[in-house]
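Next up, data_6.pdb (PDB, C-alpha atoms, pLDDT in the B column):
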ATOM      1  CA  MET J   1      54.892 109.489  52.004  1.00 66.00           C
ATOM      2  CA  ILE J   2      57.056 112.594  52.303  1.00 75.00           C
ATOM      3  CA  ILE J   3      56.174 115.260  54.831  1.00 78.00           C
ATOM      4  CA  GLU J   4      57.418 118.629  53.613  1.00 75.00           C
ATOM      5  CA  ASN J   5      57.381 121.913  55.478  1.00 77.00           C
ATOM      6  CA  LEU J   6      57.234 124.331  52.563  1.00 76.00           C
ATOM      7  CA  SER J   7      58.493 127.252  54.658  1.00 78.00           C
ATOM      8  CA  PHE J   8      61.878 125.492  54.654  1.00 82.00           C
ATOM      9  CA  ARG J   9      61.883 124.346  51.049  1.00 82.00           C
ATOM     10  CA  ASN J  10      64.873 125.332  48.912  1.00 79.00           C
ATOM     11  CA  LYS J  11      66.139 127.959  51.336  1.00 78.00           C
ATOM     12  CA  TYR J  12      69.710 128.029  52.557  1.00 72.00           C
ATOM     13  CA  TYR J  13      71.169 128.192  56.077  1.00 72.00           C
ATOM     14  CA  ILE J  14      67.948 127.143  57.723  1.00 88.00           C
ATOM     15  CA  PHE J  15      68.974 125.278  60.875  1.00 94.00           C
ATOM     16  CA  ASN J  16      71.214 126.877  63.477  1.00 93.00           C
ATOM     17  CA  SER J  17      72.544 123.499  64.585  1.00 95.00           C
ATOM     18  CA  ARG J  18      71.833 119.784  64.420  1.00 97.00           C
ATOM     19  CA  ARG J  19      70.233 119.866  67.864  1.00 95.00           C
ATOM     20  CA  LYS J  20      67.947 122.743  66.838  1.00 95.00           C
ATOM     21  CA  ALA J  21      67.016 120.867  63.671  1.00 96.00           C
ATOM     22  CA  GLY J  22      66.080 117.906  65.864  1.00 96.00           C
ATOM     23  CA  SER J  23      63.826 120.031  68.036  1.00 94.00           C
ATOM     24  CA  LEU J  24      61.993 121.200  64.899  1.00 94.00           C
ATOM     25  CA  LEU J  25      61.640 117.591  63.754  1.00 95.00           C
ATOM     26  CA  GLY J  26      60.261 116.695  67.177  1.00 94.00           C
ATOM     27  CA  SER J  27      56.886 118.294  66.465  1.00 92.00           C
ATOM     28  CA  TYR J  28      56.426 115.900  63.532  1.00 94.00           C
ATOM     29  CA  VAL J  29      58.000 112.860  65.169  1.00 93.00           C
ATOM     30  CA  GLY J  30      55.726 113.341  68.178  1.00 89.00           C
ATOM     31  CA  LEU J  31      52.782 112.416  65.966  1.00 87.00           C
ATOM     32  CA  GLU J  32      54.263 109.009  65.145  1.00 91.00           C
ATOM     33  CA  SER J  33      54.137 105.689  66.976  1.00 89.00           C
ATOM     34  CA  PHE J  34      57.427 103.783  67.157  1.00 94.00           C
ATOM     35  CA  ASP J  35      59.196 101.309  69.441  1.00 92.00           C
ATOM     36  CA  LEU J  36      62.833 102.085  68.707  1.00 94.00           C
ATOM     37  CA  LEU J  37      64.700 105.271  67.831  1.00 95.00           C
ATOM     38  CA  LEU J  38      67.871 104.520  65.855  1.00 96.00           C
ATOM     39  CA  LEU J  39      70.449 107.288  65.458  1.00 96.00           C
ATOM     40  CA  ILE J  40      73.109 107.201  62.735  1.00 96.00           C
ATOM     41  CA  PRO J  41      76.389 108.447  64.271  1.00 94.00           C
ATOM     42  CA  ASN J  42      77.893 110.858  64.517  1.00 94.00           C
ATOM     43  CA  GLY J  43      75.697 113.606  63.103  1.00 95.00           C
ATOM     44  CA  GLY J  44      72.417 111.879  63.871  1.00 97.00           C
ATOM     45  CA  ILE J  45      73.095 111.816  67.619  1.00 97.00           C
ATOM     46  CA  PRO J  46      72.662 115.567  68.326  1.00 97.00           C
ATOM     47  CA  VAL J  47      69.638 115.596  66.000  1.00 97.00           C
ATOM     48  CA  GLY J  48      68.202 112.730  68.026  1.00 96.00           C
ATOM     49  CA  LEU J  49      68.804 114.627  71.254  1.00 95.00           C
ATOM     50  CA  GLY J  50      66.857 117.574  69.892  1.00 96.00           C
ATOM     51  CA  ILE J  51      64.009 115.246  68.929  1.00 96.00           C
ATOM     52  CA  VAL J  52      63.646 113.511  72.283  1.00 93.00           C
ATOM     53  CA  GLU J  53      63.722 116.863  74.104  1.00 92.00           C
ATOM     54  CA  PHE J  54      60.445 117.729  72.403  1.00 92.00           C
ATOM     55  CA  PRO J  55      57.709 117.039  75.021  1.00 89.00           C
ATOM     56  CA  LEU J  56      55.356 115.044  72.784  1.00 88.00           C
ATOM     57  CA  VAL J  57      57.938 112.553  71.501  1.00 90.00           C
ATOM     58  CA  PRO J  58      57.300 109.130  73.096  1.00 86.00           C
ATOM     59  CA  ARG J  59      59.925 107.879  75.542  1.00 84.00           C
ATOM     60  CA  THR J  60      61.004 104.793  73.639  1.00 87.00           C
ATOM     61  CA  LYS J  61      64.224 102.801  73.507  1.00 90.00           C
ATOM     62  CA  ILE J  62      67.115 104.634  71.832  1.00 92.00           C
ATOM     63  CA  ASP J  63      70.037 102.967  70.101  1.00 92.00           C
ATOM     64  CA  LEU J  64      72.677 103.534  67.440  1.00 93.00           C
ATOM     65  CA  LEU J  65      72.510 102.404  63.820  1.00 95.00           C
ATOM     66  CA  ILE J  66      76.176 102.228  62.887  1.00 94.00           C
ATOM     67  CA  VAL J  67      76.082 102.191  59.107  1.00 94.00           C
ATOM     68  CA  ARG J  68      78.774 103.967  57.085  1.00 92.00           C
ATOM     69  CA  LYS J  69      79.276 104.965  53.492  1.00 89.00           C
ATOM     70  CA  ILE J  70      82.204 103.543  51.547  1.00 92.00           C
ATOM     71  CA  GLN J  71      84.121 106.668  50.686  1.00 86.00           C
ATOM     72  CA  ILE J  72      85.411 107.334  47.199  1.00 85.00           C
ATOM     73  CA  PRO J  73      89.229 107.591  47.418  1.00 81.00           C
ATOM     74  CA  GLY J  74      90.217 111.226  47.803  1.00 71.00           C
ATOM     75  CA  ASN J  75      86.657 112.380  48.508  1.00 71.00           C
ATOM     76  CA  THR J  76      85.493 112.158  52.131  1.00 64.00           C
ATOM     77  CA  GLU J  77      82.011 113.501  51.330  1.00 66.00           C
ATOM     78  CA  ALA J  78      81.020 111.144  48.505  1.00 68.00           C
ATOM     79  CA  GLY J  79      80.256 107.451  48.848  1.00 79.00           C
ATOM     80  CA  MET J  80      80.205 104.546  46.404  1.00 87.00           C
ATOM     81  CA  GLY J  81      78.200 102.273  48.663  1.00 89.00           C
ATOM     82  CA  ALA J  82      77.550 101.526  52.306  1.00 93.00           C
ATOM     83  CA  ILE J  83      78.158  98.840  54.921  1.00 94.00           C
ATOM     84  CA  THR J  84      75.686  97.697  57.578  1.00 93.00           C
ATOM     85  CA  PRO J  85      76.496  97.011  61.250  1.00 91.00           C
ATOM     86  CA  ASP J  86      77.000  93.291  60.560  1.00 90.00           C
ATOM     87  CA  GLY J  87      79.369  93.914  57.650  1.00 91.00           C
ATOM     88  CA  GLN J  88      77.048  93.503  54.668  1.00 92.00           C
ATOM     89  CA  VAL J  89      78.286  95.487  51.679  1.00 93.00           C
ATOM     90  CA  PHE J  90      75.848  97.425  49.471  1.00 91.00           C
ATOM     91  CA  LEU J  91      77.526  98.891  46.380  1.00 90.00           C
ATOM     92  CA  ASN J  92      76.253 101.665  44.151  1.00 83.00           C
ATOM     93  CA  ASP J  93      76.887  99.781  40.919  1.00 82.00           C
ATOM     94  CA  MET J  94      75.668 102.602  38.681  1.00 81.00           C
ATOM     95  CA  LEU J  95      78.168 104.986  40.256  1.00 80.00           C
ATOM     96  CA  LEU J  96      80.999 102.455  40.207  1.00 82.00           C
ATOM     97  CA  ASP J  97      80.483 101.979  36.476  1.00 80.00           C
ATOM     98  CA  ARG J  98      81.309 105.668  36.016  1.00 82.00           C
ATOM     99  CA  LEU J  99      84.323 105.752  38.338  1.00 82.00           C
ATOM    100  CA  ALA J 100      87.858 104.657  37.566  1.00 79.00           C
ATOM    101  CA  ILE J 101      88.103 102.598  40.759  1.00 83.00           C
ATOM    102  CA  THR J 102      90.342  99.533  40.765  1.00 85.00           C
ATOM    103  CA  THR J 103      89.377  96.327  42.543  1.00 88.00           C
ATOM    104  CA  HIS J 104      92.201  96.908  45.003  1.00 91.00           C
ATOM    105  CA  GLN J 105      90.986 100.433  45.800  1.00 89.00           C
ATOM    106  CA  LEU J 106      87.433  99.179  46.343  1.00 91.00           C
ATOM    107  CA  GLU J 107      88.538  96.325  48.592  1.00 92.00           C
ATOM    108  CA  THR J 108      90.768  98.698  50.582  1.00 92.00           C
ATOM    109  CA  GLN J 109      87.911 101.150  51.144  1.00 92.00           C
ATOM    110  CA  ILE J 110      85.554  98.321  52.149  1.00 94.00           C
ATOM    111  CA  GLU J 111      87.993  96.982  54.745  1.00 95.00           C
ATOM    112  CA  ARG J 112      88.645 100.483  56.057  1.00 93.00           C
ATOM    113  CA  THR J 113      84.922 101.097  56.440  1.00 93.00           C
ATOM    114  CA  LYS J 114      84.383  97.783  58.233  1.00 94.00           C
ATOM    115  CA  TYR J 115      87.181  98.682  60.634  1.00 92.00           C
ATOM    116  CA  GLU J 116      85.596 102.081  61.334  1.00 91.00           C
ATOM    117  CA  ILE J 117      82.222 100.441  62.044  1.00 91.00           C
ATOM    118  CA  GLU J 118      83.751  97.964  64.468  1.00 90.00           C
ATOM    119  CA  LYS J 119      85.795 100.697  66.172  1.00 90.00           C
ATOM    120  CA  LYS J 120      82.725 102.890  66.651  1.00 89.00           C
ATOM    121  CA  ARG J 121      80.648  99.945  67.887  1.00 87.00           C
ATOM    122  CA  ARG J 122      83.226  99.171  70.580  1.00 86.00           C
ATOM    123  CA  GLU J 123      83.557 102.813  71.625  1.00 85.00           C
ATOM    124  CA  PHE J 124      79.839 103.524  71.880  1.00 85.00           C
ATOM    125  CA  THR J 125      78.058 100.266  72.685  1.00 78.00           C
ATOM    126  CA  GLY J 126      80.572  97.589  73.694  1.00 71.00           C
ATOM    127  CA  THR J 127      81.564  94.289  72.119  1.00 62.00           C
ATOM    128  CA  SER J 128      78.450  92.248  72.918  1.00 63.00           C
ATOM    129  CA  HIS J 129      75.839  94.791  71.889  1.00 72.00           C
ATOM    130  CA  LYS J 130      73.189  93.623  69.408  1.00 80.00           C
ATOM    131  CA  LEU J 131      70.246  95.436  67.896  1.00 86.00           C
ATOM    132  CA  GLU J 132      66.857  93.831  68.558  1.00 89.00           C
ATOM    133  CA  VAL J 133      64.499  94.995  65.818  1.00 94.00           C
ATOM    134  CA  TYR J 134      62.246  92.019  65.031  1.00 95.00           C
ATOM    135  CA  GLY J 135      58.593  93.075  64.907  1.00 96.00           C
ATOM    136  CA  LYS J 136      59.406  96.642  65.941  1.00 96.00           C
ATOM    137  CA  ASN J 137      58.334  99.982  64.508  1.00 96.00           C
ATOM    138  CA  ILE J 138      61.545 101.891  63.934  1.00 97.00           C
ATOM    139  CA  LEU J 139      62.419 105.556  63.494  1.00 97.00           C
ATOM    140  CA  ILE J 140      65.807 106.262  61.850  1.00 98.00           C
ATOM    141  CA  VAL J 141      67.390 109.679  62.418  1.00 97.00           C
ATOM    142  CA  ASP J 142      70.355 111.347  60.717  1.00 97.00           C
ATOM    143  CA  ASP J 143      71.483 114.945  60.203  1.00 96.00           C
ATOM    144  CA  GLY J 144      70.685 114.783  56.502  1.00 95.00           C
ATOM    145  CA  VAL J 145      70.570 112.585  53.428  1.00 93.00           C
ATOM    146  CA  ALA J 146      72.784 113.074  50.367  1.00 89.00           C
ATOM    147  CA  SER J 147      72.693 110.128  47.961  1.00 86.00           C
ATOM    148  CA  GLY J 148      70.664 108.140  50.469  1.00 90.00           C
ATOM    149  CA  PHE J 149      72.689 104.979  49.964  1.00 88.00           C
ATOM    150  CA  SER J 150      73.550 104.530  53.634  1.00 92.00           C
ATOM    151  CA  VAL J 151      69.873 104.741  54.580  1.00 95.00           C
ATOM    152  CA  LEU J 152      69.008 102.403  51.706  1.00 93.00           C
ATOM    153  CA  ALA J 153      71.503  99.814  52.990  1.00 93.00           C
ATOM    154  CA  ALA J 154      70.400 100.262  56.609  1.00 95.00           C
ATOM    155  CA  SER J 155      66.708  99.898  55.749  1.00 95.00           C
ATOM    156  CA  SER J 156      67.310  96.772  53.670  1.00 93.00           C
ATOM    157  CA  TRP J 157      69.288  95.287  56.564  1.00 95.00           C
ATOM    158  CA  LEU J 158      66.573  96.138  59.115  1.00 96.00           C
ATOM    159  CA  ARG J 159      63.976  94.468  56.886  1.00 96.00           C
ATOM    160  CA  GLN J 160      66.140  91.342  56.843  1.00 94.00           C
ATOM    161  CA  LEU J 161      66.093  91.365  60.637  1.00 95.00           C
ATOM    162  CA  GLY J 162      62.295  91.529  60.676  1.00 97.00           C
ATOM    163  CA  ALA J 163      61.535  95.194  61.369  1.00 97.00           C
ATOM    164  CA  GLU J 164      57.800  95.820  61.088  1.00 96.00           C
ATOM    165  CA  THR J 165      57.814  99.443  59.876  1.00 97.00           C
ATOM    166  CA  ILE J 166      60.644 101.906  59.179  1.00 97.00           C
ATOM    167  CA  ILE J 167      60.298 105.691  59.263  1.00 97.00           C
ATOM    168  CA  LEU J 168      63.104 108.093  58.368  1.00 97.00           C
ATOM    169  CA  ALA J 169      63.326 111.542  60.002  1.00 97.00           C
ATOM    170  CA  VAL J 170      65.949 113.975  58.667  1.00 97.00           C
ATOM    171  CA  PRO J 171      66.274 117.759  58.575  1.00 96.00           C
ATOM    172  CA  THR J 172      67.314 117.978  54.901  1.00 95.00           C
ATOM    173  CA  ALA J 173      67.619 115.913  51.712  1.00 94.00           C
ATOM    174  CA  PRO J 174      67.337 116.254  47.926  1.00 92.00           C
ATOM    175  CA  ILE J 175      64.022 115.231  46.390  1.00 92.00           C
ATOM    176  CA  SER J 176      65.752 112.719  44.092  1.00 90.00           C
ATOM    177  CA  SER J 177      67.142 110.735  47.042  1.00 91.00           C
ATOM    178  CA  LEU J 178      63.829 110.838  48.910  1.00 94.00           C
ATOM    179  CA  LYS J 179      62.040 109.393  45.887  1.00 92.00           C
ATOM    180  CA  ARG J 180      64.584 106.574  45.781  1.00 89.00           C
ATOM    181  CA  LEU J 181      64.129 105.879  49.496  1.00 93.00           C
ATOM    182  CA  GLU J 182      60.324 105.850  49.332  1.00 91.00           C
ATOM    183  CA  LYS J 183      60.608 102.367  47.845  1.00 88.00           C
ATOM    184  CA  VAL J 184      62.200 100.906  50.990  1.00 92.00           C
ATOM    185  CA  LEU J 185      60.690 103.060  53.753  1.00 96.00           C
ATOM    186  CA  ASP J 186      57.169 103.239  55.126  1.00 96.00           C
ATOM    187  CA  LYS J 187      57.362 106.977  55.716  1.00 95.00           C
ATOM    188  CA  ILE J 188      59.788 109.878  55.372  1.00 96.00           C
ATOM    189  CA  ILE J 189      59.761 113.033  57.481  1.00 95.00           C
ATOM    190  CA  CYS J 190      61.979 115.717  55.949  1.00 95.00           C
ATOM    191  CA  LEU J 191      61.715 119.412  56.768  1.00 93.00           C
ATOM    192  CA  ASN J 192      63.982 120.906  54.116  1.00 93.00           C
ATOM    193  CA  VAL J 193      63.458 119.214  50.739  1.00 92.00           C
ATOM    194  CA  ARG J 194      65.913 120.488  48.137  1.00 90.00           C
ATOM    195  CA  GLU J 195      65.330 120.399  44.392  1.00 86.00           C
ATOM    196  CA  LYS J 196      68.378 122.267  43.155  1.00 80.00           C
ATOM    197  CA  PHE J 197      71.869 120.891  42.610  1.00 79.00           C
ATOM    198  CA  PRO J 198      74.596 120.611  43.628  1.00 83.00           C
ATOM    199  CA  PHE J 199      73.326 119.415  47.004  1.00 87.00           C
ATOM    200  CA  ALA J 200      75.220 119.324  50.305  1.00 88.00           C
ATOM    201  CA  VAL J 201      73.781 118.570  53.738  1.00 92.00           C
ATOM    202  CA  ALA J 202      75.941 121.385  55.131  1.00 91.00           C
ATOM    203  CA  ASP J 203      74.003 123.960  53.104  1.00 91.00           C
ATOM    204  CA  ALA J 204      71.015 123.567  55.427  1.00 93.00           C
ATOM    205  CA  TYR J 205      72.998 124.573  58.552  1.00 94.00           C
ATOM    206  CA  THR J 206      74.585 127.804  59.717  1.00 91.00           C
ATOM    207  CA  ASP J 207      76.721 125.946  62.273  1.00 86.00           C
ATOM    208  CA  TRP J 208      78.133 123.001  60.319  1.00 91.00           C
ATOM    209  CA  TYR J 209      81.168 120.888  61.216  1.00 92.00           C
ATOM    210  CA  ASP J 210      82.024 117.230  61.521  1.00 92.00           C
ATOM    211  CA  VAL J 211      80.871 115.925  64.904  1.00 95.00           C
ATOM    212  CA  SER J 212      83.824 114.288  66.654  1.00 94.00           C
ATOM    213  CA  ASP J 213      83.545 110.985  68.509  1.00 92.00           C
ATOM    214  CA  LEU J 214      84.141 112.837  71.787  1.00 93.00           C
ATOM    215  CA  GLU J 215      81.288 115.269  71.172  1.00 95.00           C
ATOM    216  CA  ALA J 216      79.024 112.473  69.960  1.00 94.00           C
ATOM    217  CA  LYS J 217      79.678 110.564  73.173  1.00 92.00           C
ATOM    218  CA  ASP J 218      78.764 113.648  75.211  1.00 92.00           C
ATOM    219  CA  TYR J 219      75.464 113.933  73.341  1.00 93.00           C
ATOM    220  CA  PHE J 220      74.904 110.212  73.791  1.00 90.00           C
ATOM    221  CA  SER J 221      75.383 110.602  77.546  1.00 88.00           C
ATOM    222  CA  LEU J 222      72.688 113.290  77.580  1.00 90.00           C
ATOM    223  CA  LEU J 223      70.389 110.931  75.692  1.00 88.00           C
ATOM    224  CA  LYS J 224      70.608 108.445  78.556  1.00 78.00           C
ATOM    225  CA  GLU J 225      68.345 110.770  80.509  1.00 77.00           C
ATOM    226  CA  PHE J 226      65.600 109.771  78.104  1.00 71.00           C
ATOM    227  CA  GLN J 227      66.095 106.033  78.488  1.00 65.00           C
ATOM    228  CA  PRO J 228      65.253 103.070  78.876  1.00 53.00           C
ATOM    229  CA  LEU J 229      68.187 102.806  76.543  1.00 46.00           C
ATOM    230  CA  LEU J 230      70.902 100.445  75.482  1.00 43.00           C
ATOM    231  CA  GLY J 231      70.639  96.824  76.498  1.00 42.00           C
TER     232      GLY J 231
END

Same coordinates, now as structure tokens:
Amino acid sequence: MIIENLSFRNKYYIFNSRRKAGSLLGSYVGLESFDLLLLIPNGGIPVGLGIVEFPLVPRTKIDLLIVRKIQIPGNTEAGMGAITPDGQVFLNDMLLDRLAITTHQLETQIERTKYEIEKKRREFTGTSHKLEVYGKNILIVDDGVASGFSVLAASSWLRQLGAETIILAVPTAPISSLKRLEKVLDKIICLNVREKFPFAVADAYTDWYDVSDLEAKDYFSLLKEFQPLLG
């Protein structure tokens, strides 16, 4: 199921910031029942803060879902797959068939992405941290969905770990990606559903920039006020 707010549909420069987008999502998320709120860093962290600040959102456990796209060489925005927190590799085979990517380039990008995941895990959660998702109802939050492959990989991984239900909440996404994700998610909450191409998550924000690790950590510290949090 896709929840659409038609007042946002196909309009540009809708959200002032990620945190403001999260506060708007909060009114929808507050209607849901979930045990664990998983934020995809870095952009999903300020969105998550905006969500939990909404009064009706349940005070549940909050954690990070450190999944990253495998970047296409020379293109930091596009991905040719994704890697889960435990290092599982999900490749977009249809895209790879169209790209002139050598085996060496692919392996290099995979290793680079695994390193980035491990680095972020150590910085944010420590070396011994482990997600406990078995039997839980999970809400995934990010600042937007482009191809949706990172969410696809993350959802498949969470199913492997025994998650009971998985809901995705994002400010913006293209309809094509949401239709693809409907197959692996129990519910999708998306305020700004785009139908026109080309699509970029940044188009739905007036204040768009890459969230640094330092800023993400500051937001994460604020989130601790809404714990119980990380184990």

I'd like the residues picked by the PyMOL selection byres ((chain J and resi 150) around 7) written out as a list in words, using the chain letters and numbers from the file.
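When the PyMOL selection byres ((chain J and resi 150) around 7) is applied, the selected residues are Val67, Arg68, Lys69, Ala82, Gly148, Phe149, Val151, Leu152, Ala153 and Ala154 of chain J.
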
Would you kindly return, as a tab-separated table (two decimals) with C-alpha atoms, in the frame of the given file, each protein, DNA or RNA residue with an atom no farther than 10 Å from any atom of Ile101 (chain J), considering only C-alpha atoms and excluding same-chain residues fewer than 6 positions away?
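The file below, result_17.tsv, is the result:
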chain	number	residue	atom	x	y	z
J	72	ILE	CA	85.41	107.33	47.20
J	73	PRO	CA	89.23	107.59	47.42
J	80	MET	CA	80.20	104.55	46.40

Which residues fall under the PyMOL selection byres ((chain J and resi 93) around 12) in this file, as a ChimeraX atom specification?
/J:79-82,89-92,94-99,101,106,149

Using the chain letters and residue numbers of this document, give as a count of residues only the residues selected by the PyMOL selection byres ((chain J and resi 110) around 9).
15

Measuring atom to atom with only C-alpha atoms, identify which of J:Gly44, J:Gly162, J:Pro171, J:Pro85 is nearest to Asn16 (chain J).
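Ranking J:Gly44, J:Gly162, J:Pro171, J:Pro85 by distance to Asn16 (chain J), first place goes to J:Pro171.
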
Protein/DNA/RNA residues near (61.8, 112.0, 63.8), cut 8 Å, only C-alpha atoms, as number ranges by chain
J: 22, 25-26, 28-30, 48, 51, 139-141, 167-170, 189

Distance CA of Ile2 (chain J)-CA of Gly144 (chain J), one decimal place?
14.4 Å

Separation of CA of Asp218 (chain J) and CA of Arg19 (chain J), in Å?
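Atom-to-atom, CA of Asp218 (chain J) to CA of Arg19 (chain J), that is 12.9 Å.
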
Ranking J:Ala146, J:His104, J:Lys187, J:Leu64 by minimum distance to Lys130 (chain J) and counting all atoms listed in the file, which one comes first?
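Distance minimum relative to Lys130 (chain J) lands on J:Leu64.
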
What does the distance between CA of Lys11 (chain J) and CA of Leu31 (chain J) come to in Å, to one decimal place?
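It comes out at 25.2 Å.
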
Using only C-alpha atoms, can you tell me which of J:Leu158, J:Gln88, J:Asn5, J:Glu123 comes closest to Leu38 (chain J)?
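Closest candidate: J:Leu158.
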
Closest of J:Ser7, J:Ser155, J:Thr165, J:Ser17 to Asp186 (chain J) - atom-to-atom distances counting only C-alpha atoms:
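Smallest distance to Asp186 (chain J) is found for J:Thr165.
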
Emit a file covering region 25-50 of chain J of the preceding structure with N, CA and C atoms, as a tab-separated table (two decimals), in the first residue's frame.
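Listing of selection_6.tsv after writing:
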chain	number	residue	atom	x	y	z
J	25	LEU	N	6.03	13.74	8.04
J	25	LEU	CA	5.83	12.28	8.02
J	25	LEU	C	5.27	11.78	9.36
J	26	GLY	N	5.62	12.49	10.43
J	26	GLY	CA	5.22	12.05	11.77
J	26	GLY	C	3.72	11.87	11.92
J	27	SER	N	2.92	12.71	11.26
J	27	SER	CA	1.47	12.59	11.40
J	27	SER	C	0.95	11.29	10.81
J	28	TYR	N	1.66	10.75	9.81
J	28	TYR	CA	1.29	9.46	9.23
J	28	TYR	C	1.88	8.30	10.05
J	29	VAL	N	3.16	8.46	10.41
J	29	VAL	CA	3.83	7.41	11.17
J	29	VAL	C	3.16	7.20	12.51
J	30	GLY	N	2.61	8.26	13.09
J	30	GLY	CA	1.94	8.16	14.38
J	30	GLY	C	0.72	7.25	14.37
J	31	LEU	N	0.23	6.92	13.19
J	31	LEU	CA	-0.92	6.02	13.07
J	31	LEU	C	-0.50	4.56	13.01
J	32	GLU	N	0.80	4.31	12.93
J	32	GLU	CA	1.31	2.95	12.76
J	32	GLU	C	1.75	2.35	14.10
J	33	SER	N	1.83	1.03	14.12
J	33	SER	CA	2.33	0.31	15.28
J	33	SER	C	3.63	-0.39	14.89
J	34	PHE	N	4.73	-0.04	15.56
J	34	PHE	CA	6.01	-0.68	15.23
J	34	PHE	C	6.87	-0.76	16.49
J	35	ASP	N	7.81	-1.71	16.46
J	35	ASP	CA	8.67	-1.97	17.62
J	35	ASP	C	10.04	-1.33	17.49
J	36	LEU	N	10.46	-1.06	16.25
J	36	LEU	CA	11.83	-0.62	16.02
J	36	LEU	C	11.85	0.37	14.86
J	37	LEU	N	12.47	1.52	15.11
J	37	LEU	CA	12.63	2.55	14.09
J	37	LEU	C	14.07	2.50	13.59
J	38	LEU	N	14.25	2.17	12.32
J	38	LEU	CA	15.59	2.04	11.74
J	38	LEU	C	15.84	3.19	10.77
J	39	LEU	N	16.90	3.94	11.03
J	39	LEU	CA	17.24	5.11	10.22
J	39	LEU	C	18.44	4.78	9.33
J	40	ILE	N	18.32	5.10	8.03
J	40	ILE	CA	19.43	4.90	7.11
J	40	ILE	C	20.31	6.15	7.13
J	41	PRO	N	21.56	6.04	7.59
J	41	PRO	CA	22.43	7.22	7.64
J	41	PRO	C	23.00	7.55	6.26
J	42	ASN	N	23.36	8.85	6.02
J	42	ASN	CA	23.24	9.89	7.03
J	42	ASN	C	21.92	10.65	6.92
J	43	GLY	N	21.38	10.74	5.72
J	43	GLY	CA	20.22	11.58	5.50
J	43	GLY	C	18.97	11.18	6.25
J	44	GLY	N	18.84	9.89	6.56
J	44	GLY	CA	17.66	9.42	7.28
J	44	GLY	C	17.64	9.81	8.74
J	45	ILE	N	18.77	10.20	9.30
J	45	ILE	CA	18.83	10.53	10.73
J	45	ILE	C	18.07	11.82	11.05
J	46	PRO	N	18.31	12.95	10.35
J	46	PRO	CA	17.50	14.13	10.64
J	46	PRO	C	16.02	13.95	10.31
J	47	VAL	N	15.70	13.14	9.30
J	47	VAL	CA	14.29	12.84	9.02
J	47	VAL	C	13.69	12.09	10.21
J	48	GLY	N	14.44	11.14	10.73
J	48	GLY	CA	13.97	10.38	11.89
J	48	GLY	C	13.76	11.25	13.11
J	49	LEU	N	14.64	12.24	13.29
J	49	LEU	CA	14.47	13.16	14.42
J	49	LEU	C	13.17	13.94	14.27
J	50	GLY	N	12.89	14.40	13.06
J	50	GLY	CA	11.63	15.11	12.84
J	50	GLY	C	10.43	14.24	13.11
